[in-house]
>>> print(open('entry.cif').read())   # mmCIF, C-alpha atoms
data_entry
loop_
_atom_site.label_atom_id
_atom_site.label_comp_id
_atom_site.auth_asym_id
_atom_site.auth_seq_id
_atom_site.Cartn_x
_atom_site.Cartn_y
_atom_site.Cartn_z
CA MET A 519 -0.17 122.70 93.95
CA LEU A 520 -2.23 119.53 94.17
CA SER A 521 -1.08 116.40 95.97
CA LYS A 522 -2.14 112.94 94.76
CA LYS A 523 -1.47 109.38 95.81
CA VAL A 524 -0.42 106.85 93.16
CA ILE A 525 0.17 103.16 93.73
CA LEU A 526 2.51 100.79 91.91
CA THR A 527 1.28 97.21 92.10
CA GLY A 528 1.80 93.89 90.33
CA SER A 529 3.51 90.54 90.87
CA PHE A 530 6.96 90.27 92.46
CA GLY A 531 9.99 91.00 90.31
CA VAL A 532 8.17 92.89 87.56
CA GLY A 533 10.16 96.06 88.19
CA LYS A 534 7.88 98.22 90.33
CA THR A 535 10.73 99.40 92.54
CA SER A 536 12.92 99.93 89.48
CA LEU A 537 10.25 102.17 87.92
CA PHE A 538 9.89 103.97 91.28
CA GLU A 539 13.66 104.54 91.57
CA ARG A 540 14.05 105.50 87.91
CA PHE A 541 11.26 108.09 88.13
CA ILE A 542 12.07 109.53 91.57
CA ASN A 543 15.85 109.29 91.69
CA ASN A 544 16.73 108.58 88.03
CA LYS A 545 18.59 105.47 89.15
CA PHE A 546 18.58 101.84 88.07
CA GLU A 547 20.12 98.83 89.75
CA ASP A 548 20.45 95.43 88.09
CA LYS A 549 20.39 93.44 91.31
CA TYR A 550 17.00 92.38 92.60
CA LEU A 551 16.07 93.35 96.14
CA THR A 552 12.59 92.45 97.24
CA THR A 553 10.51 95.28 98.72
CA ILE A 554 9.49 94.74 102.32
CA GLY A 555 5.99 96.08 102.95
CA VAL A 556 5.75 99.40 101.19
CA LYS A 557 7.99 102.26 100.19
CA VAL A 558 6.68 105.79 99.86
CA GLY A 559 8.35 108.42 97.69
CA LYS A 560 7.53 111.91 96.42
CA LYS A 561 8.09 113.57 93.07
CA MET A 562 7.05 116.98 91.81
CA VAL A 563 5.66 116.60 88.32
CA HIS A 564 5.51 119.68 86.09
CA THR A 565 2.92 119.53 83.30
CA GLU A 566 1.32 121.99 80.91
CA LYS A 567 -1.80 121.83 83.10
CA GLY A 568 0.09 122.66 86.28
CA ASP A 569 2.30 121.10 88.90
CA LEU A 570 1.49 118.04 90.91
CA SER A 571 3.07 116.62 94.05
CA MET A 572 2.88 112.89 93.39
CA MET A 573 3.10 110.59 96.42
CA ILE A 574 4.03 107.20 95.02
CA TRP A 575 3.51 104.02 97.04
CA ASP A 576 5.61 101.10 95.84
CA ILE A 577 3.81 98.07 97.25
CA ALA A 578 5.61 94.78 97.79
CA GLY A 579 4.80 91.63 95.83
CA GLU A 580 1.30 90.59 95.06
CA VAL A 581 -1.98 92.19 94.06
CA ALA A 582 -4.09 89.35 95.39
CA GLN A 583 -6.44 89.63 98.33
CA ASN A 584 -5.10 88.67 101.78
CA LYS A 585 -1.54 89.54 100.79
CA VAL A 586 -1.64 93.33 100.72
CA PRO A 587 -3.69 95.38 103.21
CA THR A 588 -6.77 96.63 101.34
CA SER A 589 -6.35 100.01 103.00
CA TYR A 590 -3.16 100.63 100.99
CA PHE A 591 -5.36 101.00 97.90
CA LEU A 592 -7.79 103.45 99.51
CA GLY A 593 -7.55 107.16 98.85
CA THR A 594 -5.54 106.67 95.68
CA SER A 595 -6.02 108.82 92.61
CA GLY A 596 -4.24 106.34 90.39
CA ILE A 597 -3.01 102.76 90.28
CA ILE A 598 -0.24 101.57 87.99
CA TYR A 599 -0.49 97.82 87.41
CA VAL A 600 2.92 96.58 86.30
CA PHE A 601 3.69 93.25 84.62
CA ASP A 602 6.86 91.77 83.15
CA VAL A 603 6.69 91.35 79.36
CA THR A 604 9.04 88.34 79.58
CA ARG A 605 7.06 86.40 82.20
CA PRO A 606 3.53 85.33 81.21
CA SER A 607 2.77 84.37 84.82
CA THR A 608 2.85 88.08 85.72
CA PHE A 609 -0.09 88.91 83.42
CA GLY A 610 -1.93 85.60 83.70
CA ASN A 611 -4.37 87.00 86.28
CA LEU A 612 -4.59 90.45 84.75
CA GLU A 613 -8.39 90.64 84.33
CA GLN A 614 -9.04 89.18 87.77
CA ASP A 615 -6.55 91.57 89.42
CA ILE A 616 -7.95 94.63 87.66
CA ASP A 617 -11.49 93.65 88.70
CA TYR A 618 -10.28 93.30 92.27
CA LEU A 619 -8.61 96.73 92.22
CA LYS A 620 -11.73 98.32 90.74
CA SER A 621 -13.86 96.73 93.45
CA ILE A 622 -11.73 98.34 96.17
CA ASN A 623 -11.60 101.79 94.68
CA LYS A 624 -14.18 102.51 92.02
CA LEU A 625 -13.12 106.08 91.33
CA THR A 626 -9.45 105.53 90.73
CA THR A 627 -7.77 105.48 87.33
CA ILE A 628 -5.83 102.31 86.50
CA ARG A 629 -2.95 102.11 84.04
CA ILE A 630 -1.67 98.76 82.78
CA VAL A 631 2.04 98.82 82.06
CA GLY A 632 4.35 96.17 80.58
CA ASN A 633 7.87 96.68 81.94
CA LYS A 634 11.28 95.35 80.76
CA LYS A 635 10.56 96.20 77.12
CA ASP A 636 14.32 96.34 76.49
CA LEU A 637 14.42 92.54 76.78
CA ILE A 638 12.18 91.74 73.77
CA SER A 639 11.76 93.02 70.21
CA GLU A 640 9.12 95.51 69.02
CA GLU A 641 7.41 92.73 67.04
CA ALA A 642 7.20 90.54 70.12
CA LEU A 643 5.70 93.47 72.04
CA GLU A 644 3.05 93.98 69.34
CA THR A 645 2.17 90.29 69.44
CA LEU A 646 2.00 90.37 73.22
CA ALA A 647 -0.31 93.41 73.19
CA LYS A 648 -2.70 91.52 70.90
CA GLU A 649 -2.60 88.39 73.07
CA ILE A 650 -3.45 90.14 76.32
CA SER A 651 -7.19 90.56 76.85
CA LEU A 652 -7.05 94.11 78.26
CA PRO A 653 -5.54 97.13 76.49
CA ILE A 654 -1.98 97.88 77.57
CA ASP A 655 -1.43 101.58 78.25
CA LEU A 656 2.32 101.64 77.87
CA PHE A 657 5.43 99.50 77.56
CA THR A 658 8.34 100.78 79.65
CA SER A 659 11.93 99.99 80.49
CA ALA A 660 13.13 101.02 83.93
CA LYS A 661 16.60 99.95 82.81
CA THR A 662 16.89 102.35 79.88
CA GLY A 663 14.37 104.83 81.27
CA GLU A 664 12.23 104.57 78.12
CA ASN A 665 8.64 105.79 78.65
CA VAL A 666 9.06 105.99 82.45
CA ALA A 667 8.72 109.78 82.75
CA LYS A 668 5.96 109.69 80.11
CA LEU A 669 4.02 107.15 82.18
CA PHE A 670 3.95 109.31 85.30
CA GLU A 671 3.61 112.65 83.49
CA ASP A 672 0.61 111.46 81.45
CA PHE A 673 -0.88 110.17 84.65
CA ALA A 674 -0.29 113.54 86.34
CA VAL A 675 -2.04 115.38 83.51
CA ASN A 676 -4.96 112.99 83.84
CA MET A 677 -5.16 113.51 87.60
CA ILE A 678 -4.98 117.30 87.41
CA GLY A 679 -7.96 117.00 85.08
CA MET B 1434 76.57 -1.02 144.53
CA ASN B 1435 77.75 2.59 144.52
CA SER B 1436 74.66 4.58 143.59
CA SER B 1437 76.12 8.00 144.57
CA SER B 1438 78.68 7.83 141.82
CA SER B 1439 76.14 7.07 139.10
CA SER B 1440 74.33 10.08 137.41
CA PRO B 1441 70.45 10.25 137.72
CA SER B 1442 68.25 9.39 134.85
CA PRO B 1443 66.31 12.29 133.16
CA GLU B 1444 63.06 11.24 134.91
CA GLU B 1445 64.81 11.29 138.28
CA GLU B 1446 66.30 14.67 137.45
CA ALA B 1447 62.89 16.17 136.63
CA GLN B 1448 61.41 14.78 139.80
CA LEU B 1449 64.22 16.26 141.86
CA LEU B 1450 63.78 19.67 140.23
CA GLN B 1451 60.06 19.59 140.95
CA GLN B 1452 60.74 18.81 144.60
CA LEU B 1453 63.26 21.64 144.76
CA ARG B 1454 60.77 24.09 143.17
CA GLN B 1455 58.12 23.13 145.70
CA ILE B 1456 60.50 23.75 148.56
CA LEU B 1457 61.84 27.08 147.23
CA LEU B 1458 58.61 28.68 145.79
CA SER B 1459 56.03 27.56 148.29
CA GLU B 1460 56.12 30.92 150.13
CA ASP B 1461 55.82 32.90 146.88
CA ARG B 1462 52.91 30.78 145.75
CA GLU B 1463 51.07 31.43 148.98
CA ALA B 1464 51.67 35.14 148.64
CA LEU B 1465 50.46 35.08 145.01
CA THR B 1466 47.29 33.24 145.97
CA ALA B 1467 46.60 35.81 148.69
CA ILE B 1468 47.06 38.69 146.19
CA ARG B 1469 44.77 37.02 143.65
CA GLU B 1470 42.10 36.53 146.29
CA THR B 1471 42.37 40.14 147.35
CA LEU B 1472 42.09 41.32 143.76
CA GLU B 1473 39.11 39.13 142.99
CA ASN B 1474 37.28 39.99 146.18
CA GLU B 1475 35.71 43.48 145.87
CA ALA B 1476 35.38 44.05 149.60
CA GLN B 1477 38.96 43.16 150.27
CA LEU B 1478 40.22 45.24 147.35
CA SER B 1479 38.16 48.22 148.47
CA GLU B 1480 39.53 47.89 151.98
CA LYS B 1481 43.04 48.10 150.62
CA ILE B 1482 42.59 50.83 147.96
CA SER B 1483 40.00 53.16 149.51
CA PRO B 1484 42.34 54.72 152.06
CA ILE B 1485 44.79 55.51 149.28
CA ILE B 1486 42.12 57.08 147.06
CA ARG B 1487 40.70 58.97 150.03
CA GLN B 1488 44.11 60.27 150.82
CA HIS B 1489 44.53 61.50 147.24
CA LEU B 1490 41.10 63.08 147.22
CA ASP B 1491 41.83 64.87 150.45
CA PHE B 1492 45.02 66.11 148.94
CA LEU B 1493 43.16 67.31 145.81
CA LYS B 1494 40.53 69.05 147.89
CA GLU B 1495 43.17 70.95 149.75
CA ASN B 1496 45.46 71.66 146.82
CA PHE B 1497 43.15 71.73 143.76
CA ARG B 1498 43.58 75.44 143.13
CA GLU B 1499 47.40 75.18 143.25
CA GLU B 1500 47.53 71.99 141.17
CA TYR B 1501 44.90 72.64 138.45
CA GLY B 1502 43.63 76.23 138.98
CA THR B 1503 45.77 77.82 136.28
CA ILE B 1504 44.99 75.18 133.65
CA ILE B 1505 41.23 75.28 134.25
CA GLU B 1506 41.21 79.08 134.37
CA GLU B 1507 42.91 79.17 130.97
CA ILE B 1508 40.42 76.69 129.48
CA VAL B 1509 37.38 78.55 130.87
CA THR B 1510 38.71 81.94 129.79
CA LYS B 1511 39.35 80.63 126.27
CA LYS B 1512 35.93 78.99 126.07
CA LEU B 1513 34.17 82.12 127.34
CA SER B 1514 35.95 84.42 124.93
CA GLU B 1515 35.10 82.07 122.05
CA SER B 1516 31.41 81.93 123.01
CA GLN B 1517 30.74 85.56 123.95
CA ASP B 1518 27.83 85.99 121.51
CA GLU B 1519 26.12 82.80 122.66
CA ILE B 1520 26.49 83.80 126.30
CA VAL B 1521 25.13 87.31 125.70
CA ASN B 1522 22.18 85.91 123.73
CA MET B 1523 21.48 83.44 126.50
CA ILE B 1524 21.77 85.88 129.37
CA PHE B 1525 20.32 89.06 127.84
CA PRO B 1526 16.57 88.25 127.88
CA ARG B 1527 16.75 87.06 131.47
CA LEU B 1528 18.88 90.01 132.52
CA ASN B 1529 16.55 92.43 130.76
CA THR B 1530 13.54 91.04 132.61
CA ILE B 1531 15.34 91.21 135.94
CA ILE B 1532 16.39 94.84 135.36
CA LYS B 1533 12.88 95.83 134.26
CA LYS B 1534 11.36 94.17 137.31
CA TYR B 1535 13.87 95.86 139.56
CA ILE B 1536 13.26 99.32 138.08
CA THR B 1537 9.48 98.87 138.21
CA ALA B 1538 9.68 97.79 141.83
CA GLN B 1539 11.95 100.72 142.72
CA PHE B 1540 9.63 103.20 140.95
CA GLN B 1541 6.64 101.74 142.73
CA MET B 1542 8.40 102.10 146.07
CA LEU B 1543 9.36 105.68 145.20
CA LYS B 1544 5.77 106.51 144.20
CA GLU B 1545 4.43 105.00 147.40
CA GLY B 1546 6.99 106.92 149.43
CA ILE B 1547 6.09 110.23 147.77
CA ASP B 1548 2.38 109.56 148.16
CA GLY B 1549 2.83 108.78 151.83
CA GLN B 1550 4.82 111.94 152.51
CA VAL B 1551 2.53 114.22 150.53
CA LYS B 1552 -0.55 112.80 152.20
CA ASN B 1553 0.94 113.46 155.62
CA MET B 1554 1.70 117.07 154.76
CA GLN B 1555 -1.51 117.91 152.94
CA ASN B 1556 -4.67 119.23 154.43
CA ARG B 1557 -6.86 116.22 153.96
CA PHE B 1558 -10.07 118.18 153.99
CA SER B 1559 -9.24 120.93 151.47
CA PRO B 1560 -11.63 121.00 148.45
CA LYS B 1561 -8.68 120.73 146.02
CA HIS B 1562 -7.37 117.64 147.78
CA ILE B 1563 -10.80 116.03 147.83
CA PHE B 1564 -11.30 116.77 144.12
CA ASN B 1565 -7.87 115.48 143.16
CA ARG B 1566 -8.29 112.39 145.27
CA PHE B 1567 -11.30 111.32 143.22
CA PHE B 1568 -10.84 112.90 139.80
CA GLY B 1569 -7.27 114.12 139.34
CA PRO B 1570 -3.92 112.46 138.88
CA SER B 1571 -2.27 111.08 142.02
CA GLU B 1572 0.40 113.17 143.74
CA SER B 1573 3.07 110.68 142.73
CA GLU B 1574 1.94 110.86 139.10
CA MET B 1575 2.25 114.65 139.22
CA MET B 1576 5.72 114.57 140.76
CA MET B 1577 6.97 111.77 138.54
CA SER B 1578 5.68 113.46 135.39
CA GLN B 1579 7.71 116.55 136.25
CA LEU B 1580 10.87 114.45 136.29
CA ASP B 1581 10.28 113.06 132.78
CA HIS B 1582 7.81 115.53 131.32
CA PRO B 1583 6.43 114.98 127.81
CA GLU B 1584 7.67 117.26 125.07
CA ILE B 1585 6.06 117.61 121.65
CA HIS B 1586 8.55 117.73 118.77
CA GLU B 1587 6.39 117.37 115.68
CA ILE B 1588 2.72 117.19 114.74
CA TYR B 1589 1.40 115.79 111.48
CA LEU B 1590 -2.15 116.08 110.27
CA VAL B 1591 -2.71 113.36 107.69
CA GLN B 1592 -5.62 112.44 105.43
CA ARG B 1593 -6.67 109.02 106.66
CA GLU B 1594 -6.96 106.94 103.49
CA SER B 1595 -4.55 108.63 101.12
CA GLY B 1596 -1.82 109.36 103.66
CA LEU B 1597 -1.45 112.85 102.16
CA LEU B 1598 -0.17 115.53 104.51
CA LEU B 1599 -2.79 118.16 105.41
CA GLY B 1600 -0.60 120.19 107.72
CA SER B 1601 2.36 119.96 110.04
CA TYR B 1602 4.24 121.61 112.86
CA ALA B 1603 7.84 120.86 113.79
CA LYS B 1604 10.29 122.53 116.18
CA LYS B 1605 13.01 121.54 113.74
CA THR B 1606 13.02 118.96 110.99
CA ASN B 1607 15.34 117.77 108.24
CA THR B 1608 13.02 115.13 106.90
CA ASP B 1609 10.47 115.18 104.10
CA GLN B 1610 7.22 115.46 105.99
CA ASP B 1611 5.10 114.29 103.03
CA VAL B 1612 7.03 111.02 102.93
CA ILE B 1613 6.77 110.62 106.71
CA ALA B 1614 3.01 111.13 106.53
CA GLY B 1615 2.80 108.44 103.83
CA MET B 1616 4.96 105.97 105.73
CA LEU B 1617 3.05 106.58 108.98
CA THR B 1618 -0.19 105.84 107.15
CA ALA B 1619 1.31 102.66 105.67
CA ILE B 1620 2.48 101.47 109.12
CA LYS B 1621 -0.87 102.35 110.68
CA SER B 1622 -2.82 100.59 107.90
CA PHE B 1623 -0.57 97.55 108.11
CA ALA B 1624 -0.91 97.24 111.90
CA GLU B 1625 -4.67 97.69 111.82
CA ASP B 1626 -5.00 95.16 109.02
CA ALA B 1627 -2.49 92.62 110.38
CA PHE B 1628 -4.03 92.49 113.83
CA ASN B 1629 -7.60 92.55 112.51
CA LEU B 1630 -8.40 95.64 114.49
CA GLY B 1631 -11.45 96.22 112.29
CA LYS B 1632 -12.89 99.56 113.32
CA GLU B 1633 -10.35 100.02 116.08
CA ASP B 1634 -7.41 102.33 115.49
CA LEU B 1635 -3.73 102.21 116.28
CA GLU B 1636 -3.20 104.78 119.03
CA MET B 1637 0.50 104.79 119.82
CA ILE B 1638 3.77 103.89 118.13
CA GLN B 1639 6.74 103.75 120.48
CA TYR B 1640 10.46 103.17 120.14
CA GLU B 1641 12.84 103.73 123.05
CA ASN B 1642 11.95 107.10 124.60
CA TYR B 1643 10.30 108.36 121.41
CA LYS B 1644 6.55 108.06 121.01
CA ILE B 1645 4.06 108.88 118.28
CA PHE B 1646 0.62 109.53 119.71
CA LEU B 1647 -2.17 109.04 117.16
CA GLN B 1648 -5.46 110.88 117.47
CA ASN B 1649 -7.87 109.37 114.99
CA MET B 1650 -10.74 111.24 113.38
CA PRO B 1651 -13.12 109.97 110.68
CA ALA B 1652 -11.38 111.54 107.67
CA TYR B 1653 -7.91 112.28 109.01
CA TYR B 1654 -5.60 111.67 111.94
CA PHE B 1655 -3.04 113.56 113.97
CA ALA B 1656 0.38 112.03 114.65
CA VAL B 1657 2.17 113.74 117.52
CA ALA B 1658 5.85 112.86 117.90
CA MET B 1659 7.08 113.37 121.45
CA THR B 1660 9.60 112.32 124.07
CA GLY B 1661 9.13 111.70 127.80
CA SER B 1662 6.42 109.92 129.76
CA ILE B 1663 2.80 110.74 129.12
CA SER B 1664 0.22 109.98 131.78
CA THR B 1665 -3.42 109.16 131.10
CA SER B 1666 -4.54 112.66 132.10
CA GLU B 1667 -1.89 114.26 129.85
CA LYS B 1668 -3.03 112.06 126.99
CA GLU B 1669 -6.54 113.29 127.59
CA ASN B 1670 -5.33 116.94 127.61
CA LEU B 1671 -3.56 116.44 124.30
CA SER B 1672 -6.48 114.59 122.79
CA ASN B 1673 -8.93 117.36 123.79
CA LYS B 1674 -6.62 120.02 122.39
CA LEU B 1675 -6.30 118.19 119.05
CA ILE B 1676 -10.05 117.62 118.75
CA THR B 1677 -10.76 121.30 119.51
CA PHE B 1678 -8.16 122.32 116.93
CA ALA B 1679 -9.75 120.05 114.33
CA GLU B 1680 -13.25 121.40 115.01
CA GLN B 1681 -12.09 125.01 114.67
CA ASN B 1682 -9.60 124.81 111.81
CA ILE B 1683 -10.07 121.86 109.51
CA PRO B 1684 -12.67 121.90 106.71
CA PHE B 1685 -15.27 119.19 107.11
CA ASP B 1686 -14.95 117.76 103.62
CA ILE B 1687 -11.52 117.90 101.98
CA LYS B 1688 -11.74 116.70 98.39
CA ASN B 1689 -8.44 117.92 97.05
CA VAL B 1690 -5.27 118.28 99.05
CA ASN B 1691 -3.24 121.23 97.85
CA SER B 1692 -0.33 123.30 99.10
CA THR B 1693 -2.51 126.35 99.91
CA LEU B 1694 -4.66 124.34 102.28
CA THR B 1695 -1.61 122.57 103.77
CA ASP B 1696 0.20 125.87 104.38
CA GLN B 1697 -2.86 127.45 106.03
CA ILE B 1698 -3.36 124.52 108.38
CA SER B 1699 0.38 124.36 109.17
CA VAL B 1700 0.46 128.03 110.20
CA VAL B 1701 -2.49 127.65 112.58
CA LEU B 1702 -1.14 124.37 113.90
CA GLY B 1703 2.18 126.05 114.70
CA LYS B 1704 0.48 128.98 116.46
CA ASP B 1705 -1.73 126.72 118.52
CA PHE B 1706 0.86 124.20 119.61
CA GLU B 1707 4.08 126.24 119.93
CA GLN B 1708 3.24 127.27 123.48
CA PHE B 1709 1.02 124.35 124.36
CA ASN B 1710 1.90 122.71 127.67
CA ILE B 1711 0.66 119.18 127.70
CA GLN B 1712 0.68 119.12 131.51
CA GLN B 1713 -1.73 122.05 131.91
CA GLN B 1714 -5.44 121.72 131.29
#
>>> encode(input="entry.cif", output="structure tokens")
Amino acid sequence: MLSKKVILTGSFGVGKTSLFERFINNKFEDKYLTTIGVKVGKKMVHTEKGDLSMMIWDIAGEVAQNKVPTSYFLGTSGIIYVFDVTRPSTFGNLEQDIDYLKSINKLTTIRIVGNKKDLISEEALETLAKEISLPIDLFTSAKTGENVAKLFEDFAVNMIG
Amino acid sequence: MNSSSSSPSPEEEAQLLQQLRQILLSEDREALTAIRETLENEAQLSEKISPIIRQHLDFLKENFREEYGTIIEEIVTKKLSESQDEIVNMIFPRLNTIIKKYITAQFQMLKEGIDGQVKNMQNRFSPKHIFNRFFGPSESEMMMSQLDHPEIHEIYLVQRESGLLLGSYAKKTNTDQDVIAGMLTAIKSFAEDAFNLGKEDLEMIQYENYKIFLQNMPAYYFAVAMTGSISTSEKENLSNKLITFAEQNIPFDIKNVNSTLTDQISVVLGKDFEQFNIQQQ
């Protein structure tokens, strides 16, 4: 069984830890607790292509340079960039952030995910997807669990190759 | 004219009263003037009052405990019990430093004592003694290390950048070793980044009596969890052993980390380190 490192990154309060907890422990908490530093978790993902031991790093706060040690992004097979569909400030620097992540690790696969989809309508989501300059891979809700497993499982399939 | 039978006029009466007052109160007035002068003159007042105050002070000095001891004791006890946290916070750092200094000094004295005794007993011209004197650990180091000898509990072999576990050995463990490998890598990366170590590596993580010795290699690192004191020569022994193990057992270029590889490395790691004595070269 293969082991791969995946990183969850994005602005503070977008729901990275909620996605992490929902996927690993199938739990969701409404109260917001900021992540200190980094949290590492493991989940066995079973796919039609085989099993994968996914080591998920939930990184605190920002994407920007000087705020997160660059070395956290090294050796990753995948990066999940999370933004909050209700807060434009969390996808305002999307292009710049993605360019930065690509510059650190050229070989890694990056997924762009809009979280908290339960808070806005499907029409609003469609409009938002058109407004954002880069293609959004998936809209998720850590609260309801919608598309969370799909996000990681699709990623696992991609990483197994 | 019979003046004695006639009553005095009001003016005469007032005059007579004034004369009478002067006769009767003259002594009192003098005394009052003397008191006023004494009160207004600091030197005179001090001369009068000082002996009294001194007498009271002497009494207090002799009887303070009996007179006020209980009241003050109650106030201090109450104040101390109300401010325990503040007192501990205030005293603790200082106390800690004093204890550390004391222990260090006592250990130093003990080491010097052992060295002195061993040197007296030993044949000063034996080849072993001459070699040890220049290249080996000191006698005190050897004796001290036996008192608090290092013991390896767990070994992790971790891919440097990804933090993925390549192999492990543990006497007993209840924890998820993959997660520990990831967290160790995160801590290591954070420390190296935060302190701008650049190409330098974090070599030791320590809490209380528990230490994690880190042996860094280009593509991976070993994390050895141990207890006890480790001397420089023991560190060197461990380091040499880990490097030799890496040269003999770990593939040069690991592209994919998988459970087959991890299991193979873990088995060899266990065999190699189960009986390893860090104190023997």
>>> resolve_selection(input="entry.cif", expression="the PyMOL selection byres ((chain A and resi 551-564) around 8)", output="ChimeraX atom specification")
/A:530-531,535,538,542,549-550,565-566,568-579,671,674 /B:1611-1612,1615-1616,1619
>>> residues_around(input="entry.cif", residues="range 602-604 of chain A", least_positions_apart="4", cutoff="8 Å", atoms="only C-alpha atoms", output="PDB file with C-alpha atoms, keeping the file's coordinate frame")
ATOM      1  CA  GLY A 531       9.990  91.000  90.310  1.00  0.00           C
ATOM      2  CA  VAL A 532       8.170  92.890  87.560  1.00  0.00           C
ATOM      3  CA  GLY A 533      10.160  96.060  88.190  1.00  0.00           C
ATOM      4  CA  THR A 608       2.850  88.080  85.720  1.00  0.00           C
ATOM      5  CA  PHE A 609      -0.090  88.910  83.420  1.00  0.00           C
ATOM      6  CA  GLY A 632       4.350  96.170  80.580  1.00  0.00           C
ATOM      7  CA  ASN A 633       7.870  96.680  81.940  1.00  0.00           C
ATOM      8  CA  LYS A 634      11.280  95.350  80.760  1.00  0.00           C
ATOM      9  CA  LYS A 635      10.560  96.200  77.120  1.00  0.00           C
ATOM     10  CA  LEU A 637      14.420  92.540  76.780  1.00  0.00           C
ATOM     11  CA  ILE A 638      12.180  91.740  73.770  1.00  0.00           C
ATOM     12  CA  LEU A 643       5.700  93.470  72.040  1.00  0.00           C
ATOM     13  CA  LEU A 646       2.000  90.370  73.220  1.00  0.00           C
TER      14      LEU A 646
END
>>> interface_residues(input="entry.cif", of="chain B", to="chain A", cutoff="10 Å", atoms="only C-alpha atoms", output="ChimeraX atom specification")
/B:1592-1599,1609,1611-1627,1689-1695
>>> resolve_selection(input="entry.cif", expression="the PyMOL selection byres ((chain A and resi 545) around 12)", output="PDB file with C-alpha atoms, keeping the file's coordinate frame")
ATOM      1  CA  THR A 535      10.730  99.400  92.540  1.00  0.00           C
ATOM      2  CA  SER A 536      12.920  99.930  89.480  1.00  0.00           C
ATOM      3  CA  LEU A 537      10.250 102.170  87.920  1.00  0.00           C
ATOM      4  CA  PHE A 538       9.890 103.970  91.280  1.00  0.00           C
ATOM      5  CA  GLU A 539      13.660 104.540  91.570  1.00  0.00           C
ATOM      6  CA  ARG A 540      14.050 105.500  87.910  1.00  0.00           C
ATOM      7  CA  PHE A 541      11.260 108.090  88.130  1.00  0.00           C
ATOM      8  CA  ILE A 542      12.070 109.530  91.570  1.00  0.00           C
ATOM      9  CA  ASN A 543      15.850 109.290  91.690  1.00  0.00           C
ATOM     10  CA  ASN A 544      16.730 108.580  88.030  1.00  0.00           C
ATOM     11  CA  PHE A 546      18.580 101.840  88.070  1.00  0.00           C
ATOM     12  CA  GLU A 547      20.120  98.830  89.750  1.00  0.00           C
ATOM     13  CA  ASP A 548      20.450  95.430  88.090  1.00  0.00           C
ATOM     14  CA  ALA A 660      13.130 101.020  83.930  1.00  0.00           C
ATOM     15  CA  LYS A 661      16.600  99.950  82.810  1.00  0.00           C
ATOM     16  CA  THR A 662      16.890 102.350  79.880  1.00  0.00           C
ATOM     17  CA  GLY A 663      14.370 104.830  81.270  1.00  0.00           C
ATOM     18  CA  VAL A 666       9.060 105.990  82.450  1.00  0.00           C
TER      19      VAL A 666
END
>>> axis_aligned_box(input="entry.cif", around="range 1468-1472 of chain B", padding_each_side="8 Å", output="AutoDock Vina command-line options")
--center_x 44.6 --center_y 38.9 --center_z 145.5 --size_x 21.0 --size_y 20.8 --size_z 19.7
>>> closest_residue(input="entry.cif", among="B:Ile1676, B:Leu1490, B:Ala1476, B:Ile1711", to="Leu1590 in chain B", atoms="all atoms listed in the file")
B:Ile1676
>>> atom_distance(input="entry.cif", atom1="CA of Ile1468 in chain B", atom2="CA of Gln1455 in chain B")
19.1 Å
>>> residues_near_point(input="entry.cif", point="(-9.2, 109.5, 109.5)", cutoff="8 Å", atoms="all atoms listed in the file", output="ChimeraX atom specification")
/B:1591-1594,1649-1654
>>> write_last_selection(input="entry.cif", atoms="C-alpha atoms", output="mmCIF file, in the coordinates of the input")
data_model
loop_
_atom_site.group_PDB
_atom_site.id
_atom_site.type_symbol
_atom_site.label_atom_id
_atom_site.label_comp_id
_atom_site.auth_asym_id
_atom_site.auth_seq_id
_atom_site.Cartn_x
_atom_site.Cartn_y
_atom_site.Cartn_z
ATOM 1 C CA VAL B 1591 -2.710 113.360 107.690
ATOM 2 C CA GLN B 1592 -5.620 112.440 105.430
ATOM 3 C CA ARG B 1593 -6.670 109.020 106.660
ATOM 4 C CA GLU B 1594 -6.960 106.940 103.490
ATOM 5 C CA ASN B 1649 -7.870 109.370 114.990
ATOM 6 C CA MET B 1650 -10.740 111.240 113.380
ATOM 7 C CA PRO B 1651 -13.120 109.970 110.680
ATOM 8 C CA ALA B 1652 -11.380 111.540 107.670
ATOM 9 C CA TYR B 1653 -7.910 112.280 109.010
ATOM 10 C CA TYR B 1654 -5.600 111.670 111.940
#
>>> atom_distance(input="entry.cif", atom1="CA of Met1637 in chain B", atom2="CA of Ala1658 in chain B")
9.9 Å
>>> resolve_selection(input="entry.cif", expression="the PyMOL selection byres ((chain B and resi 1672) around 12)", output="list in words")
Glu1636, Phe1646, Leu1647, Gln1648, Asn1649, Met1650, Tyr1654, Phe1655, Ala1656, Val1657, Ile1663, Thr1665, Ser1666, Glu1667, Lys1668, Glu1669, Asn1670, Leu1671, Asn1673, Lys1674, Leu1675, Ile1676, Thr1677, Phe1678, Ala1679, Ile1711 and Gln1714 of chain B
>>> atom_distance(input="entry.cif", atom1="CA of Tyr1602 in chain B", atom2="CA of Pro1684 in chain B")
18.0 Å
>>> residues_near_point(input="entry.cif", point="(4.2, 125.6, 117.1)", cutoff="12 Å", atoms="all atoms listed in the file", output="list in words")
Ile1585, His1586, Glu1587, Ile1588, Tyr1589, Gly1600, Ser1601, Tyr1602, Ala1603, Lys1604, Lys1605, Ile1698, Ser1699, Val1700, Val1701, Leu1702, Gly1703, Lys1704, Asp1705, Phe1706, Glu1707, Gln1708, Phe1709 and Asn1710 of chain B
